[in-house]
Amino acid sequence: MTDPFGFLRIPRKPVAARPVAERLGDWHEVYAGQALLPLVSQQADRCMDCGIPFCHTGCPLGNLIPEWNAYAAHGDWSAAYERLHATNNFPDFTGRLCPAPCEDACVLTINDDPVTIKNVEQTIADVGLRRGYMRPRPPERRGRKSVAVIGSGPAGLAAAQQLTRAGHTVVVHERADRIGGLLRYGIPEFKMAKAHLDRRIRQMRAEGTTFVTGTDVGGAERADELRGRYDAVVVAVGAGERRELPVPGRTLSGIHQAMEYLTCANRVCEGDYPLSPVSAEGSHVVIVGGGDTGSDCLGTALRQGALSVVQLDINPEPGPGRCDGEPWPVYPKVYRISHAHEEARGRAGADPRLFSCATLHFEGDPAGRVRALRLTAVEPVDRRPVPGGERVIPAGLVLLALGFSGPERAGGLCGQLGLERDGGGGYARDAGFAAAGGRAPGVFVAGDAGRGQSLVVWAIAEGRSAASAVDRYLTGSTTLPAPVAAHDRPMSALGRMRYGDDL
């Protein structure tokens with residue numbers, strides 16, 4: 001166990017990021033090269049080894065956090081690595097990308113700062129890699145049944161790895177030219193180096209998973225014909241239908257969807273382009289949208305040499321602490337500073353975000369290129385414009401980071417597989433991840449394609465659970481874990497997480 005008094009004598013101390021000026025000069029990870037072991041082991045010793053560890057329920061994967069904290073505190077990295085992977089296929093991804101709702105559910109958070117769970121997780125994964133703990137785990141026997149996985153994001157990869165290890169023949173079909181989905185082309189290199197993704201793909205290939213790129217299932221590759229060649233299909237295509245901003249001037253040149261912009265920047269890092277065809281260099285950049293994708297655009301624009309960057313958020317500025325409607329242990333909406341926001345403040349001296357703002361229209365120059373954006377302050381609840389709240393800000397590049405509304409509607413995937421849409425625009429499924437309606441037996445839906453846009457931990461949890469459902473469908477029983485059901489939602493003030501609306 002950890003030090004029984006560690007949480008009393010050791011203050012929280014997260015791993016420090018590299019200096020702002022240094023990381024703005026390259027595309028390396030924020031924490032690249034930082035010394036971690038002594039600090040992380042000490043921080044793991046703050047874990048209280050609670051009788052009821054709420055960090056388990058803060059994470060949809062059900063990570064065994066107190067267990068690997070204890071091993072990390074004692075420097076037993078092999079045991080820590082094993083317990084970390086008992087519930088999570090890709091902790092090297094989640095340790096970098098997840099906003100760590102487990103930390104907000106930490107019992108210490110009731111009256112103190114939580115354990116640095118995310119830092120411990122990433123360190124265990126990275127130490128395990130350096131010490132050679134990441135080995136392929138092929139099944140004892142192969143070829144029980146065949147499964148096609150459509151999409152290679154975190155949900156598709158998790159489902160594929162679980163099913164391969166269960167002995168099935170699994171082929172992952174990806175529309176893009178490389179495997180990884182948004183992990184490849186949506187997440188900036190400075191947030192997660194693609195070497196981590198490439199290592200996992202090599203591990204999965206060594207275990208027996210087959211990957212096919214450049215396959216547009218539902219387009220050039222008919223989905224119903226694909227279904228006929230496999231015993232089961234997992235649809236894990238993500239939620240790629242981008243929300244639009246239907247205001248005057250939207251068709252001006254220089255206004256792009258955030259994912260188009262991030263994909264171009266990632267392709268430069270992959271070596272596909274010498275320079276990005278959509279670059280912020282020398283431009284006044286405005287990012288419309290206050291979420292993680294907007295933050296990723298911010299960090300990218302700063303590294304490309306933008307003259308200025310402003311991020312617009314229609315929501316009011318959150319307070320520093322929990323409100324009454326978001327009690328512990330739920331994940332609260334509080335004022336948070338991402339690494340990109342820290343970089344913007346370090347360069348310009350101020351937070352780049354404007355809260356409670358809505359875009360009215362774009363203004364263009366005679367050549368049809370955007371030159372300015374007119375916005376207005378809005379009321380915090382009903383978002384009505386505030387009289388006299390209009391202003392104009394310069395904009396040579398506008399990035400729309402407004403989120404997603406379910407799987408893409410273009411293409412024939414939905415019709416060819418007999419899928420139905422739910423009220424949120426996702427593919428409908430039952431609690432066991434089977435496509436709803438009975439029109440597509442043997443077809444399962446995992447990740448953002450069914451849930452809607454969510455966190456990487458939810459995608460991996462859904463991939464693991466969908467794999468369990470597929471294994472049971474194919475063989476009549478399963479020993480694969482299922483950490484969540486399809487309709488589970490994050491814990492709320494009403495206590496709903498694992499049990500949907502049954503409470």
# chains A, B, ... in the order shown; residues from 1 in each chain; ligands from 1

$ select_by_dssp --residues "range 155-220 of chain A" --states "strand (DSSP E or B)" --output "list in words"
Thr169, Val170, Val171, Val172, His173, Thr210, Phe211, Val212 and Val217 of chain A

$ write_last_selection --atoms "all heavy atoms" --output "compact mmCIF listing (two decimals), in the first residue's frame"
# COMPACT_ATOMS: atom_id res chain seq x y z
N THR A 169 -10.19 -13.66 -36.14
CA THR A 169 -9.47 -13.05 -37.25
C THR A 169 -10.06 -11.67 -37.49
O THR A 169 -11.22 -11.55 -37.89
CB THR A 169 -9.58 -13.91 -38.51
OG1 THR A 169 -9.02 -15.21 -38.26
CG2 THR A 169 -8.86 -13.26 -39.68
N VAL A 170 -9.27 -10.64 -37.24
CA VAL A 170 -9.79 -9.27 -37.26
C VAL A 170 -9.07 -8.46 -38.33
O VAL A 170 -7.83 -8.46 -38.42
CB VAL A 170 -9.59 -8.59 -35.88
CG1 VAL A 170 -10.15 -7.16 -35.91
CG2 VAL A 170 -10.26 -9.41 -34.79
N VAL A 171 -9.86 -7.77 -39.14
CA VAL A 171 -9.33 -6.86 -40.16
C VAL A 171 -9.91 -5.47 -39.90
O VAL A 171 -11.13 -5.30 -39.83
CB VAL A 171 -9.70 -7.33 -41.58
CG1 VAL A 171 -9.12 -6.36 -42.61
CG2 VAL A 171 -9.19 -8.74 -41.82
N VAL A 172 -9.04 -4.49 -39.74
CA VAL A 172 -9.44 -3.10 -39.52
C VAL A 172 -9.41 -2.37 -40.86
O VAL A 172 -8.37 -2.35 -41.54
CB VAL A 172 -8.52 -2.40 -38.51
CG1 VAL A 172 -8.93 -0.94 -38.34
CG2 VAL A 172 -8.56 -3.12 -37.17
N HIS A 173 -10.53 -1.77 -41.24
CA HIS A 173 -10.65 -1.05 -42.50
C HIS A 173 -10.66 0.46 -42.21
O HIS A 173 -11.52 0.95 -41.46
CB HIS A 173 -11.93 -1.44 -43.23
CG HIS A 173 -11.98 -2.89 -43.60
ND1 HIS A 173 -11.69 -3.35 -44.86
CD2 HIS A 173 -12.29 -4.00 -42.86
CE1 HIS A 173 -11.81 -4.67 -44.90
NE2 HIS A 173 -12.18 -5.09 -43.70
N THR A 210 -5.01 -7.43 -38.76
CA THR A 210 -4.69 -6.96 -40.11
C THR A 210 -5.28 -5.58 -40.31
O THR A 210 -6.41 -5.30 -39.90
CB THR A 210 -5.24 -7.93 -41.17
OG1 THR A 210 -4.66 -9.22 -40.97
CG2 THR A 210 -4.94 -7.45 -42.58
N PHE A 211 -4.52 -4.69 -40.97
CA PHE A 211 -4.98 -3.33 -41.23
C PHE A 211 -5.03 -3.09 -42.74
O PHE A 211 -4.09 -3.45 -43.46
CB PHE A 211 -4.05 -2.30 -40.59
CG PHE A 211 -4.04 -2.36 -39.09
CD1 PHE A 211 -3.07 -3.10 -38.42
CD2 PHE A 211 -4.98 -1.68 -38.34
CE1 PHE A 211 -3.04 -3.15 -37.04
CE2 PHE A 211 -4.96 -1.72 -36.96
CZ PHE A 211 -4.00 -2.47 -36.30
N VAL A 212 -6.12 -2.48 -43.19
CA VAL A 212 -6.28 -2.12 -44.60
C VAL A 212 -6.60 -0.64 -44.66
O VAL A 212 -7.60 -0.20 -44.08
CB VAL A 212 -7.40 -2.94 -45.27
CG1 VAL A 212 -7.55 -2.53 -46.73
CG2 VAL A 212 -7.12 -4.43 -45.16
N VAL A 217 -15.41 2.29 -46.78
CA VAL A 217 -16.56 1.39 -46.63
C VAL A 217 -17.84 2.23 -46.64
O VAL A 217 -17.99 3.18 -45.88
CB VAL A 217 -16.46 0.59 -45.33
CG1 VAL A 217 -17.68 -0.32 -45.18
CG2 VAL A 217 -15.18 -0.22 -45.29

$ closest_atom_pairs --of "range 126-240 of chain A" --to "range 26-50 of chain A" --cutoff "9 Å" --atoms "only C-alpha atoms" --output "CSV"
residue,atom,partner,partner_atom,distance
A:Val127,CA,A:Leu37,CA,8.6
A:Pro188,CA,A:Trp27,CA,8.4
A:Glu189,CA,A:Trp27,CA,6.1
A:Phe190,CA,A:Glu29,CA,4.0
A:Lys191,CA,A:Glu29,CA,5.5
A:Met192,CA,A:Glu29,CA,6.3
A:Ala193,CA,A:Glu29,CA,6.4

$ write_last_selection --atoms "N, CA and C atoms" --output "PDB file, in the first residue's frame"
ATOM      1  N   VAL A 127       7.641   4.331 -18.819  1.00  0.00           N
ATOM      2  CA  VAL A 127       8.692   3.516 -18.210  1.00  0.00           C
ATOM      3  C   VAL A 127       8.592   2.078 -18.726  1.00  0.00           C
ATOM      4  N   PRO A 188      -2.681  17.063 -32.395  1.00  0.00           N
ATOM      5  CA  PRO A 188      -1.382  17.611 -32.801  1.00  0.00           C
ATOM      6  C   PRO A 188      -0.213  16.801 -32.248  1.00  0.00           C
ATOM      7  N   GLU A 189       0.885  16.861 -32.958  1.00  0.00           N
ATOM      8  CA  GLU A 189       2.087  16.132 -32.575  1.00  0.00           C
ATOM      9  C   GLU A 189       2.596  16.545 -31.199  1.00  0.00           C
ATOM     10  N   PHE A 190       2.448  17.835 -30.864  1.00  0.00           N
ATOM     11  CA  PHE A 190       2.944  18.303 -29.567  1.00  0.00           C
ATOM     12  C   PHE A 190       2.093  17.789 -28.405  1.00  0.00           C
ATOM     13  N   LYS A 191       0.924  17.302 -28.710  1.00  0.00           N
ATOM     14  CA  LYS A 191       0.048  16.756 -27.674  1.00  0.00           C
ATOM     15  C   LYS A 191       0.260  15.256 -27.511  1.00  0.00           C
ATOM     16  N   MET A 192       0.432  14.543 -28.625  1.00  0.00           N
ATOM     17  CA  MET A 192       0.796  13.130 -28.587  1.00  0.00           C
ATOM     18  C   MET A 192       1.606  12.802 -29.820  1.00  0.00           C
ATOM     19  N   ALA A 193       2.878  12.469 -29.611  1.00  0.00           N
ATOM     20  CA  ALA A 193       3.733  12.090 -30.735  1.00  0.00           C
ATOM     21  C   ALA A 193       3.190  10.826 -31.379  1.00  0.00           C
TER      22      ALA A 193
END

$ select_by_dssp --residues "range 213-362 of chain A" --states "alpha helix (DSSP H)" --output "VMD selection string"
chain A and resid 223 to 229 258 to 270 292 to 304 339 to 348

$ atom_distance --atom1 "CA of Ala80 in chain A" --atom2 "CA of Gly62 in chain A"
15.3 Å

$ closest_residue --among "A:Gly294, A:Pro154, A:Gly58, A:Gly167" --to "Ala461 in chain A" --atoms "only C-alpha atoms"
A:Pro154

$ residues_around --residues "Ala159 in chain A" --least-positions-apart "4" --cutoff "7 Å" --atoms "only C-alpha atoms" --output "PyMOL selection string"
chain A and resi 155+163+463-464+466-467

$ write_last_selection --atoms "all heavy atoms" --output "JSON list (two decimals), in the first residue's frame"
[["chain", "number", "residue", "atom", "x", "y", "z"],
["A", 155, "ALA", "N", -11.66, 3.68, -30.38],
["A", 155, "ALA", "CA", -12.68, 2.64, -30.17],
["A", 155, "ALA", "C", -12.42, 1.44, -31.09],
["A", 155, "ALA", "O", -12.47, 0.29, -30.66],
["A", 155, "ALA", "CB", -14.07, 3.20, -30.42],
["A", 163, "LEU", "N", -10.55, -8.40, -29.64],
["A", 163, "LEU", "CA", -11.07, -9.53, -30.41],
["A", 163, "LEU", "C", -9.95, -10.39, -30.98],
["A", 163, "LEU", "O", -10.07, -11.63, -31.05],
["A", 163, "LEU", "CB", -11.97, -9.01, -31.53],
["A", 163, "LEU", "CG", -13.33, -8.47, -31.07],
["A", 163, "LEU", "CD1", -14.00, -7.66, -32.16],
["A", 163, "LEU", "CD2", -14.24, -9.62, -30.62],
["A", 463, "GLY", "N", -14.92, 0.45, -27.01],
["A", 463, "GLY", "CA", -14.29, -0.56, -27.86],
["A", 463, "GLY", "C", -14.13, -1.88, -27.14],
["A", 463, "GLY", "O", -14.40, -2.95, -27.70],
["A", 464, "ARG", "N", -13.72, -1.83, -25.86],
["A", 464, "ARG", "CA", -13.57, -3.05, -25.07],
["A", 464, "ARG", "C", -14.92, -3.72, -24.85],
["A", 464, "ARG", "O", -15.06, -4.95, -24.96],
["A", 464, "ARG", "CB", -12.91, -2.71, -23.73],
["A", 464, "ARG", "CG", -11.45, -2.33, -23.85],
["A", 464, "ARG", "CD", -10.88, -1.78, -22.55],
["A", 464, "ARG", "NE", -10.83, -2.78, -21.48],
["A", 464, "ARG", "CZ", -9.82, -3.61, -21.28],
["A", 464, "ARG", "NH1", -8.77, -3.61, -22.08],
["A", 464, "ARG", "NH2", -9.84, -4.47, -20.26],
["A", 466, "ALA", "N", -17.72, -3.35, -26.67],
["A", 466, "ALA", "CA", -18.26, -3.85, -27.94],
["A", 466, "ALA", "C", -17.58, -5.17, -28.31],
["A", 466, "ALA", "O", -18.23, -6.09, -28.83],
["A", 466, "ALA", "CB", -18.07, -2.82, -29.04],
["A", 467, "ALA", "N", -16.28, -5.27, -28.05],
["A", 467, "ALA", "CA", -15.57, -6.52, -28.33],
["A", 467, "ALA", "C", -16.16, -7.67, -27.51],
["A", 467, "ALA", "O", -16.31, -8.79, -28.00],
["A", 467, "ALA", "CB", -14.08, -6.35, -28.03]]
